[in-house]
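Input: a single structure, listed below in structure tokens.
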Amino acid sequence: EPEVTQTPSHQVTQMGQEVILRCVPISNHLYFYWYRQILGQKVEFLVSFYNNEISEKSEIFDDQFSVERPDGSNFTLKIRSTKLEDSAMYFCASSSGGHLQETQYFGPGTRLLVL
Amino acid sequence: KQEVTQIPAALSVPEGENLVLNCSFTDSAIYNLQWFRQDPGKGLTSLLLIQSSQREQTSGRLNASLDKSSGRSTLYIAASQPGDSATYLCAVKDWAGANSKLTFGKGITLSVRP
């Protein structure tokens, strides 16, 4: 069964460093999302992406964050200058789109630790 | 702003028990509601999705109901097993479009004792 994959599974970085989290959505999906979950907290929406542009973003998704679909398969989240409070599990999700196909399928996550 | 609440935060039951997990949301103008399972340190597995026009959905031992007007959903698990131990999250999609964001509850951590 097709699934969303994410790399790396874990990343440790120093405060102020740039990180890029990578995702490969399900191949025929058109809508892509990033969510994050700080330890012990709710899963929070960051950004959605469709047709090579951001569809919606949350207050969390400030100028330090960017997303890109550099080729036909990868979807990346970049954090330019990481802060301690960026430590979280980051989930990528995708959906095929349309009224009956909007189930969002989530990847296994990347655990980011900022020291 | 949509808020999703799941109470209690944790639940422990003996194996074989039928149980109900509750989810409430503040804005009834939702597009759909999705129940997920999360194992420790893992991603989210979609269990059931209920459209706003539906009352319930079933998959195996799982049954999810939706009462949109009262802002409530329940996930019923029949004949619980130790393998059902996980955190169960509910998430709603607001009426902003079929592919808008999900708003999550904090989850209910279920432990099924053998």
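Chain labels follow the order of the structure tokens: the first chain is A, the next B, and so on; residue numbering restarts at 1 in every chain, and ligands are counted from 1 in their shown order.
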I'd like the contact shell of Pro2 in chain A - 10 Å cut-off, only C-alpha atoms, skipping same-chain residues fewer than 5 positions apart - returned as a PyMOL selection string. chain A and resi 25-28+105
Write the residues of the selection above to a file with C-alpha atoms, as a short mmCIF file (atom, residue, chain, number, x, y, z; two decimals), in the first residue's frame.
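See out-v9.cif below for the written result:
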data_model
loop_
_atom_site.label_atom_id
_atom_site.label_comp_id
_atom_site.auth_asym_id
_atom_site.auth_seq_id
_atom_site.Cartn_x
_atom_site.Cartn_y
_atom_site.Cartn_z
CA PRO A 25 4.11 12.09 -0.55
CA ILE A 26 1.96 9.38 -2.07
CA SER A 27 2.60 9.53 -5.80
CA ASN A 28 -0.79 10.55 -7.21
CA TYR A 105 -2.27 10.33 5.02
#
Range 30-107 of chain A near range 27-43 of chain B within 10 Å: what's each residue's closest atom pair and its distance in Å to one decimal, counting only C-alpha atoms, ordered by chain then ascending residue number, as a tab-separated table?
residue	atom	partner	partner_atom	distance
A:Leu39	CA	B:Gly41	CA	9.9
A:Met89	CA	B:Gly41	CA	8.7
A:Tyr90	CA	B:Gly43	CA	9.4
A:Phe91	CA	B:Gly43	CA	7.3
A:Cys92	CA	B:Gly43	CA	9.4
A:His99	CA	B:Tyr31	CA	9.8
A:Glu102	CA	B:Asn32	CA	9.3
A:Thr103	CA	B:Gln34	CA	7.9
A:Gln104	CA	B:Gln34	CA	9.0
A:Tyr105	CA	B:Gly43	CA	9.7
A:Phe106	CA	B:Gly43	CA	6.5
A:Gly107	CA	B:Gly43	CA	5.9
Quick one: write out the picked residues with all heavy atoms as a compact mmCIF listing (two decimals), in the first residue's frame?
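As a result, part-v2.txt now contains:
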# COMPACT_ATOMS: atom_id res chain seq x y z
N LEU A 39 6.40 17.81 22.12
CA LEU A 39 6.22 16.70 23.06
C LEU A 39 5.12 17.01 24.07
O LEU A 39 5.14 18.04 24.76
CB LEU A 39 7.54 16.44 23.78
CG LEU A 39 7.60 15.16 24.62
CD1 LEU A 39 7.43 13.94 23.74
CD2 LEU A 39 8.90 15.08 25.40
N MET A 89 8.19 16.90 16.82
CA MET A 89 8.04 15.90 15.76
C MET A 89 7.34 16.60 14.61
O MET A 89 6.29 17.23 14.82
CB MET A 89 7.21 14.73 16.27
CG MET A 89 7.02 13.63 15.25
SD MET A 89 8.48 12.61 15.10
CE MET A 89 7.95 11.18 16.03
N TYR A 90 7.90 16.50 13.42
CA TYR A 90 7.32 17.14 12.25
C TYR A 90 6.74 16.06 11.34
O TYR A 90 7.43 15.12 10.95
CB TYR A 90 8.38 17.95 11.50
CG TYR A 90 8.75 19.22 12.24
CD1 TYR A 90 9.62 19.19 13.31
CD2 TYR A 90 8.18 20.43 11.88
CE1 TYR A 90 9.94 20.34 14.02
CE2 TYR A 90 8.49 21.60 12.58
CZ TYR A 90 9.36 21.54 13.65
OH TYR A 90 9.66 22.69 14.35
N PHE A 91 5.46 16.23 11.02
CA PHE A 91 4.77 15.26 10.18
C PHE A 91 4.43 15.87 8.83
O PHE A 91 3.93 17.00 8.76
CB PHE A 91 3.45 14.81 10.83
CG PHE A 91 3.61 14.03 12.08
CD1 PHE A 91 3.27 14.58 13.31
CD2 PHE A 91 4.08 12.71 12.05
CE1 PHE A 91 3.41 13.84 14.48
CE2 PHE A 91 4.22 11.98 13.22
CZ PHE A 91 3.88 12.54 14.43
N CYS A 92 4.68 15.12 7.81
CA CYS A 92 4.23 15.47 6.46
C CYS A 92 2.97 14.66 6.19
O CYS A 92 2.82 13.53 6.68
CB CYS A 92 5.33 15.09 5.47
SG CYS A 92 4.90 15.25 3.74
N HIS A 99 -13.69 15.80 -3.32
CA HIS A 99 -14.66 15.63 -2.24
C HIS A 99 -14.52 14.30 -1.51
O HIS A 99 -14.58 14.24 -0.30
CB HIS A 99 -16.08 15.75 -2.81
CG HIS A 99 -17.14 15.47 -1.82
ND1 HIS A 99 -17.34 16.24 -0.68
CD2 HIS A 99 -18.06 14.48 -1.74
CE1 HIS A 99 -18.35 15.74 0.01
NE2 HIS A 99 -18.80 14.69 -0.60
N GLU A 102 -10.36 13.19 0.40
CA GLU A 102 -9.61 14.18 1.18
C GLU A 102 -9.00 13.64 2.45
O GLU A 102 -8.50 14.39 3.25
CB GLU A 102 -10.50 15.38 1.51
CG GLU A 102 -11.58 15.09 2.51
CD GLU A 102 -12.87 14.61 1.87
OE1 GLU A 102 -12.82 14.03 0.79
OE2 GLU A 102 -13.93 14.83 2.47
N THR A 103 -9.04 12.32 2.63
CA THR A 103 -8.34 11.75 3.77
C THR A 103 -6.87 12.13 3.67
O THR A 103 -6.23 11.96 2.64
CB THR A 103 -8.47 10.21 3.77
OG1 THR A 103 -9.84 9.87 3.87
CG2 THR A 103 -7.70 9.60 4.92
N GLN A 104 -6.35 12.66 4.78
CA GLN A 104 -4.93 13.01 4.81
C GLN A 104 -4.15 11.82 5.36
O GLN A 104 -4.48 11.28 6.41
CB GLN A 104 -4.71 14.26 5.67
CG GLN A 104 -5.31 15.51 5.03
CD GLN A 104 -5.00 16.78 5.78
OE1 GLN A 104 -4.07 16.87 6.57
NE2 GLN A 104 -5.79 17.81 5.52
N TYR A 105 -3.12 11.43 4.63
CA TYR A 105 -2.27 10.33 5.02
C TYR A 105 -0.96 10.90 5.54
O TYR A 105 -0.31 11.70 4.86
CB TYR A 105 -2.01 9.40 3.83
CG TYR A 105 -3.26 8.71 3.35
CD1 TYR A 105 -4.07 9.29 2.38
CD2 TYR A 105 -3.66 7.49 3.90
CE1 TYR A 105 -5.24 8.68 1.96
CE2 TYR A 105 -4.83 6.87 3.48
CZ TYR A 105 -5.61 7.47 2.50
OH TYR A 105 -6.76 6.87 2.09
N PHE A 106 -0.59 10.45 6.72
CA PHE A 106 0.57 11.01 7.41
C PHE A 106 1.79 10.11 7.29
O PHE A 106 1.69 8.88 7.28
CB PHE A 106 0.25 11.21 8.89
CG PHE A 106 -0.58 12.43 9.15
CD1 PHE A 106 -1.92 12.47 8.78
CD2 PHE A 106 -0.04 13.56 9.76
CE1 PHE A 106 -2.70 13.60 9.01
CE2 PHE A 106 -0.80 14.69 10.00
CZ PHE A 106 -2.12 14.71 9.62
N GLY A 107 2.95 10.75 7.24
CA GLY A 107 4.21 10.03 7.29
C GLY A 107 4.58 9.70 8.73
O GLY A 107 3.89 10.12 9.67
Which residues, written as a VMD selection string, have at least one atom at most 8 Å from range 51-59 of chain B, with only C-alpha atoms counted and residues fewer than 2 positions away on the same chain left out? chain B and resid 30 to 33 47 to 49 61 to 68
Would you mind exporting the chosen residues as a PDB file, in the first residue's frame, restricted to N, CA and C atoms?
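So part.pdb came out as:
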ATOM      1  N   ILE B  30     -18.286  22.012  10.332  1.00  0.00           N
ATOM      2  CA  ILE B  30     -17.124  21.232   9.911  1.00  0.00           C
ATOM      3  C   ILE B  30     -17.399  20.572   8.571  1.00  0.00           C
ATOM      4  N   TYR B  31     -16.320  20.231   7.887  1.00  0.00           N
ATOM      5  CA  TYR B  31     -16.408  19.539   6.599  1.00  0.00           C
ATOM      6  C   TYR B  31     -16.394  18.036   6.815  1.00  0.00           C
ATOM      7  N   ASN B  32     -15.492  17.577   7.683  1.00  0.00           N
ATOM      8  CA  ASN B  32     -15.469  16.178   8.074  1.00  0.00           C
ATOM      9  C   ASN B  32     -14.696  16.028   9.373  1.00  0.00           C
ATOM     10  N   LEU B  33     -14.709  14.824   9.900  1.00  0.00           N
ATOM     11  CA  LEU B  33     -13.988  14.515  11.133  1.00  0.00           C
ATOM     12  C   LEU B  33     -13.254  13.209  10.916  1.00  0.00           C
ATOM     13  N   LEU B  47      -7.918   6.048  10.892  1.00  0.00           N
ATOM     14  CA  LEU B  47      -8.813   4.934  11.215  1.00  0.00           C
ATOM     15  C   LEU B  47     -10.144   5.071  10.481  1.00  0.00           C
ATOM     16  N   LEU B  48     -10.769   6.218  10.653  1.00  0.00           N
ATOM     17  CA  LEU B  48     -12.089   6.441  10.067  1.00  0.00           C
ATOM     18  C   LEU B  48     -12.228   7.913   9.736  1.00  0.00           C
ATOM     19  N   LEU B  49     -12.965   8.187   8.664  1.00  0.00           N
ATOM     20  CA  LEU B  49     -13.301   9.559   8.300  1.00  0.00           C
ATOM     21  C   LEU B  49     -14.811   9.637   8.147  1.00  0.00           C
ATOM     22  N   ARG B  61     -13.847  -3.608  14.149  1.00  0.00           N
ATOM     23  CA  ARG B  61     -14.354  -3.433  15.519  1.00  0.00           C
ATOM     24  C   ARG B  61     -14.541  -1.968  15.894  1.00  0.00           C
ATOM     25  N   LEU B  62     -14.287  -1.079  14.968  1.00  0.00           N
ATOM     26  CA  LEU B  62     -14.378   0.360  15.240  1.00  0.00           C
ATOM     27  C   LEU B  62     -15.644   0.941  14.623  1.00  0.00           C
ATOM     28  N   ASN B  63     -16.295   1.809  15.401  1.00  0.00           N
ATOM     29  CA  ASN B  63     -17.445   2.533  14.890  1.00  0.00           C
ATOM     30  C   ASN B  63     -17.338   3.966  15.374  1.00  0.00           C
ATOM     31  N   ALA B  64     -17.385   4.902  14.432  1.00  0.00           N
ATOM     32  CA  ALA B  64     -17.314   6.316  14.800  1.00  0.00           C
ATOM     33  C   ALA B  64     -18.647   6.966  14.475  1.00  0.00           C
ATOM     34  N   SER B  65     -19.132   7.771  15.400  1.00  0.00           N
ATOM     35  CA  SER B  65     -20.367   8.507  15.168  1.00  0.00           C
ATOM     36  C   SER B  65     -20.103   9.998  15.211  1.00  0.00           C
ATOM     37  N   LEU B  66     -20.987  10.740  14.593  1.00  0.00           N
ATOM     38  CA  LEU B  66     -20.854  12.187  14.538  1.00  0.00           C
ATOM     39  C   LEU B  66     -22.201  12.842  14.791  1.00  0.00           C
ATOM     40  N   ASP B  67     -22.236  13.751  15.757  1.00  0.00           N
ATOM     41  CA  ASP B  67     -23.402  14.594  15.992  1.00  0.00           C
ATOM     42  C   ASP B  67     -22.926  16.029  15.810  1.00  0.00           C
ATOM     43  N   LYS B  68     -23.074  16.509  14.598  1.00  0.00           N
ATOM     44  CA  LYS B  68     -22.485  17.803  14.254  1.00  0.00           C
ATOM     45  C   LYS B  68     -23.134  18.934  15.034  1.00  0.00           C
TER      46      LYS B  68
END
Which residues are near Gln64 in chain A? Cut-off 9 Å, only C-alpha atoms, ignore same chain within fewer than 2 positions. Put them as a VMD selection string. chain A and resid 61 to 62 66 78 to 82
Residues of chain B were defined as contacting chain A if any atom lay at most 9 Å from it, counting only C-alpha atoms; please report them as JSON, numbers by chain. {"B": [34, 41, 42, 43, 44, 45, 46, 49, 51, 97, 98, 99, 100, 101, 102, 103, 104, 105, 106, 107]}
Could you give me, as JSON, numbers by chain, the residues within 7 Å of Val12 in chain A, counting only C-alpha atoms and dropping anything in the same chain fewer than 3 positions from it? {"A": [112, 113, 114]}
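In this model, the gap between CA of Val19 in chain A and CA of Thr7 in chain A comes to 11.7 Å.
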Quick one: residues within 9 Å of Glu68 in chain A, only C-alpha atoms, excluding same-chain residues fewer than 3 positions away - as a PyMOL selection string? chain A and resi 49+52-53+71+74-78
What does the file look like for those residues with N, CA and C atoms, as a PDB file, in the first residue's frame?
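again-v6.pdb written:
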ATOM      1  N   PHE A  49       0.006  22.999   0.788  1.00  0.00           N
ATOM      2  CA  PHE A  49       0.692  23.342  -0.466  1.00  0.00           C
ATOM      3  C   PHE A  49      -0.019  22.648  -1.598  1.00  0.00           C
ATOM      4  N   ASN A  52       2.095  23.999  -6.534  1.00  0.00           N
ATOM      5  CA  ASN A  52       3.363  24.724  -6.370  1.00  0.00           C
ATOM      6  C   ASN A  52       3.268  26.043  -5.622  1.00  0.00           C
ATOM      7  N   GLU A  53       2.233  26.171  -4.813  1.00  0.00           N
ATOM      8  CA  GLU A  53       2.201  27.350  -3.959  1.00  0.00           C
ATOM      9  C   GLU A  53       1.497  27.037  -2.644  1.00  0.00           C
ATOM     10  N   ASP A  71      11.092  18.816  -7.041  1.00  0.00           N
ATOM     11  CA  ASP A  71      10.958  17.930  -8.193  1.00  0.00           C
ATOM     12  C   ASP A  71       9.587  17.274  -8.102  1.00  0.00           C
ATOM     13  N   ASN A  74       9.592  14.997  -4.199  1.00  0.00           N
ATOM     14  CA  ASN A  74       9.910  15.450  -2.848  1.00  0.00           C
ATOM     15  C   ASN A  74       9.140  16.698  -2.459  1.00  0.00           C
ATOM     16  N   PHE A  75       8.896  16.818  -1.157  1.00  0.00           N
ATOM     17  CA  PHE A  75       8.266  18.003  -0.580  1.00  0.00           C
ATOM     18  C   PHE A  75       9.071  18.325   0.675  1.00  0.00           C
ATOM     19  N   THR A  76       9.645  19.517   0.739  1.00  0.00           N
ATOM     20  CA  THR A  76      10.567  19.817   1.836  1.00  0.00           C
ATOM     21  C   THR A  76      10.069  20.958   2.702  1.00  0.00           C
ATOM     22  N   LEU A  77      10.463  20.905   3.968  1.00  0.00           N
ATOM     23  CA  LEU A  77      10.238  21.982   4.925  1.00  0.00           C
ATOM     24  C   LEU A  77      11.612  22.454   5.379  1.00  0.00           C
ATOM     25  N   LYS A  78      11.878  23.739   5.211  1.00  0.00           N
ATOM     26  CA  LYS A  78      13.140  24.305   5.635  1.00  0.00           C
ATOM     27  C   LYS A  78      12.903  25.253   6.805  1.00  0.00           C
TER      28      LYS A  78
END
Do you have the CA of Gln6 in chain B-CA of Leu89 in chain B distance handy?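 Distance between the two atoms: 8.0 Å.
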